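Chemist: Supplied in structure tokens, the structure appears directly below.
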Amino acid sequence: MIEIVIEARQAAISESMKVKRILPFRLRRMVGPFIFMDHAGPVADIPPNPSTLDVLPHPHIGLSTVSYLFGGQVTHRDSLGVEQIIRPGEVNWMTAGRGIAHSERFEDPSALTGGLEMIQTWVALPEKEEEAAPAFNNYKPEELPVYTDKGVWMRLIAGDAYGLRNDVKVKSPLFYLHVNLDQGARFGLPNEHTERGFYIVKGSVEVAGTVYKAGQMVVFTPNADPLILAKENSTLMMLGGEPLGERFIWWNFVSSRKERIEQAKEDWKQGRIILPPNDNHEFIPLPDDKSKPAGGAPKPEPLS
């Protein structure tokens, strides 16, 4: 029934921003099309200089980034000229396609006083979409259907599950849900998709007599029909979908072809992936040696 349990690992994405990294994992690279998952926060102690939390402009290819907040706010800027503040309950969905650069900045300290907490996932693109034109969409909470039942509250972030759908533009069959369970509530997995799992943001749940806690991702075998019992008030991010086949991942690049990753490295070094026009005075260099980060803000580690 349970294929694997993934323990979140610590990683740094900026000078002061530490995250729990869930995907990719060496024994499980993807769940459906989801190839990356970070959990930032909750950050209760905001540094005296909030700009040290900022993630400077950096590139992506071959994927969509999906940002979702529980607390605080983040300003997104990208190569398309988009500037978008994302707040709790909204979805920022950026499709990199053939190449885009973006930044994530924390420019309003007053918006962080209640605590910053964010989940970012990456969704790999089907091969025919990997070189698509970059695009960006922000979706407000009222565009994302909510379902409630006894002890259960859930919001469909993207895709389809439990008969719910929304207009978030996805490129392959998937589901992505924010689920809150009251202590004692019982819940099951959606059965519309082949690969399914959940990440425990907070709280703990029991499946088949074993208790799983915050910071763990539980991935299930196809056709499993588990009963999820909340041992306390808990928050889950449920996700999955149909597998897309093998993908290569290095730093912020995803592709079905190794040579495309090498091209993306050279494109970033040579400035062929343009910086956000309204945030182009600094950027994260290509990490040449993950064991020797440059001075200043630590470079994110390559993921392969």
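Chains: A, B, ... in order of the structure tokens. Residues: from 1 per chain. Ligands: from 1, in order shown.
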Using only C-alpha atoms, determine which residues lie at most 6 Å from range 169-181 of chain A, disregarding the query and same-chain residues fewer than 3 positions distant; provide the list as a PyMOL selection string.
Modeler: chain A and resi 151-160+185+233-242
Chemist: Compile the contact shell of Ser16 in chain A as a PyMOL selection string: residues with an atom at most 8 Å away, counting only C-alpha atoms, same-chain residues fewer than 3 positions apart removed.
Modeler: chain A and resi 12+47+52-53
Chemist: Would you list the contacts of range 272-274 of chain A as a tab-separated table (two decimals) with C-alpha atoms, in the first residue's frame, taking every protein, DNA or RNA residue within 9 Å and counting only C-alpha atoms, but skipping same-chain residues closer than 2 positions in sequence?
Modeler:
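Final file, selection_24.tsv:
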```
chain	number	residue	atom	x	y	z
A	59	PRO	CA	16.59	30.57	-14.40
A	60	HIS	CA	14.28	27.63	-15.14
A	79	SER	CA	11.51	37.83	-17.58
A	99	GLY	CA	13.47	29.44	-20.49
A	100	ILE	CA	12.57	32.12	-17.96
A	101	ALA	CA	14.20	33.86	-15.01
A	264	ALA	CA	20.57	25.68	-20.40
A	266	GLU	CA	25.52	27.69	-21.16
A	267	ASP	CA	22.51	29.90	-21.91
A	268	TRP	CA	22.51	31.17	-18.31
A	269	LYS	CA	26.26	31.77	-18.29
A	270	GLN	CA	26.08	33.68	-21.57
A	276	PRO	CA	13.39	40.28	-15.07
A	277	PRO	CA	13.38	43.81	-16.54
A	280	ASN	CA	18.00	42.89	-13.20
```
Chemist: Between A:Gly209, A:Gly32, A:Gly72, A:Pro134, which is the closest to Met94 in chain A once you count only C-alpha atoms?
Modeler: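 Nearest to Met94 in chain A: A:Pro134.
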Chemist: Between CA of Thr221 in chain A and CA of Arg29 in chain A, measure the distance and give it in Å to one decimal.
Modeler: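 Computing the Euclidean distance for CA of Thr221 in chain A and CA of Arg29 in chain A yields 14.8 Å.
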Chemist: For Phe25 in chain A, list every protein, DNA or RNA residue within 12 Å, evaluated using only C-alpha atoms, and leave out those in the same chain fewer than 2 positions away; present the list as a list in words.
Modeler: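 Neighbouring residues, sequence-local ones excluded: Ile4, Val5, Ile6, Glu7, Ala8, Arg9, Arg21, Ile22, Leu23, Leu27, Arg28, Arg29, Met30, Val31, Phe34, Ile35, Phe36, Met37, Asp38, Gln216, Met217, Val219, Ile249, Leu303 and Ser304 of chain A.
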Chemist: Using N, CA and C atoms, can you export the residues from the last selection as an mmCIF file, in the first residue's frame?
Modeler:
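Listing of again.cif after writing:
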```cif
data_model
loop_
_atom_site.group_PDB
_atom_site.id
_atom_site.type_symbol
_atom_site.label_atom_id
_atom_site.label_comp_id
_atom_site.auth_asym_id
_atom_site.auth_seq_id
_atom_site.Cartn_x
_atom_site.Cartn_y
_atom_site.Cartn_z
ATOM 1 N N ILE A 4 6.776 4.300 -0.350
ATOM 2 C CA ILE A 4 7.959 4.890 0.262
ATOM 3 C C ILE A 4 7.536 6.029 1.178
ATOM 4 N N VAL A 5 8.332 6.250 2.219
ATOM 5 C CA VAL A 5 8.172 7.411 3.095
ATOM 6 C C VAL A 5 9.429 8.258 2.947
ATOM 7 N N ILE A 6 9.255 9.518 2.592
ATOM 8 C CA ILE A 6 10.370 10.431 2.345
ATOM 9 C C ILE A 6 10.482 11.410 3.503
ATOM 10 N N GLU A 7 11.671 11.496 4.078
ATOM 11 C CA GLU A 7 11.941 12.456 5.146
ATOM 12 C C GLU A 7 12.489 13.738 4.531
ATOM 13 N N ALA A 8 11.911 14.880 4.893
ATOM 14 C CA ALA A 8 12.402 16.158 4.386
ATOM 15 C C ALA A 8 13.834 16.389 4.850
ATOM 16 N N ARG A 9 14.648 16.959 3.948
ATOM 17 C CA ARG A 9 16.021 17.320 4.278
ATOM 18 C C ARG A 9 16.159 18.836 4.310
ATOM 19 N N ARG A 21 13.426 20.232 2.135
ATOM 20 C CA ARG A 21 13.342 19.732 0.756
ATOM 21 C C ARG A 21 12.818 18.304 0.767
ATOM 22 N N ILE A 22 11.746 18.068 0.015
ATOM 23 C CA ILE A 22 11.086 16.767 -0.009
ATOM 24 C C ILE A 22 11.384 16.029 -1.314
ATOM 25 N N LEU A 23 11.155 16.689 -2.431
ATOM 26 C CA LEU A 23 11.456 16.124 -3.746
ATOM 27 C C LEU A 23 12.449 17.022 -4.460
ATOM 28 N N LEU A 27 15.558 7.934 -3.998
ATOM 29 C CA LEU A 27 14.818 6.699 -4.254
ATOM 30 C C LEU A 27 13.446 6.952 -4.868
ATOM 31 N N ARG A 28 13.101 8.232 -5.006
ATOM 32 C CA ARG A 28 11.811 8.581 -5.610
ATOM 33 C C ARG A 28 11.924 9.985 -6.176
ATOM 34 N N ARG A 29 12.224 10.086 -7.452
ATOM 35 C CA ARG A 29 12.485 11.385 -8.056
ATOM 36 C C ARG A 29 11.216 12.197 -8.267
ATOM 37 N N MET A 30 10.098 11.525 -8.588
ATOM 38 C CA MET A 30 8.874 12.217 -8.943
ATOM 39 C C MET A 30 7.659 11.494 -8.371
ATOM 40 N N VAL A 31 6.575 12.246 -8.197
ATOM 41 C CA VAL A 31 5.258 11.679 -7.905
ATOM 42 C C VAL A 31 4.318 12.263 -8.955
ATOM 43 N N PHE A 34 5.092 15.798 -10.529
ATOM 44 C CA PHE A 34 5.740 16.645 -9.525
ATOM 45 C C PHE A 34 7.175 16.158 -9.308
ATOM 46 N N ILE A 35 8.134 17.052 -9.566
ATOM 47 C CA ILE A 35 9.541 16.665 -9.528
ATOM 48 C C ILE A 35 10.319 17.401 -8.441
ATOM 49 N N PHE A 36 9.691 18.332 -7.765
ATOM 50 C CA PHE A 36 10.385 19.138 -6.757
ATOM 51 C C PHE A 36 9.353 19.637 -5.763
ATOM 52 N N MET A 37 9.766 19.666 -4.475
ATOM 53 C CA MET A 37 8.890 20.216 -3.442
ATOM 54 C C MET A 37 9.743 20.754 -2.308
ATOM 55 N N ASP A 38 9.568 22.036 -1.994
ATOM 56 C CA ASP A 38 10.211 22.690 -0.857
ATOM 57 C C ASP A 38 9.149 23.246 0.072
ATOM 58 N N GLN A 216 7.214 14.620 6.746
ATOM 59 C CA GLN A 216 7.293 13.365 5.999
ATOM 60 C C GLN A 216 6.338 13.395 4.813
ATOM 61 N N MET A 217 6.773 12.781 3.712
ATOM 62 C CA MET A 217 5.901 12.542 2.570
ATOM 63 C C MET A 217 5.651 11.050 2.466
ATOM 64 N N VAL A 219 4.134 8.155 0.012
ATOM 65 C CA VAL A 219 3.780 7.871 -1.374
ATOM 66 C C VAL A 219 3.207 6.460 -1.447
ATOM 67 N N ILE A 249 17.312 16.384 -13.906
ATOM 68 C CA ILE A 249 17.194 17.624 -13.150
ATOM 69 C C ILE A 249 18.567 18.021 -12.635
ATOM 70 N N LEU A 303 20.752 19.619 -7.979
ATOM 71 C CA LEU A 303 19.921 18.543 -7.451
ATOM 72 C C LEU A 303 20.275 17.187 -8.005
ATOM 73 N N SER A 304 21.307 17.097 -8.837
ATOM 74 C CA SER A 304 21.710 15.796 -9.333
ATOM 75 C C SER A 304 23.178 15.577 -9.064
#
```
Chemist: Give me, as a ChimeraX atom specification, the residues of range 107-244 of chain A that a backbone DSSP run labels strand (DSSP E or B).
Modeler: /A:116-124,135-139,146-149,152-161,164-165,174-181,186-188,195-202,204-207,210-213,216-220,227-230,234-241
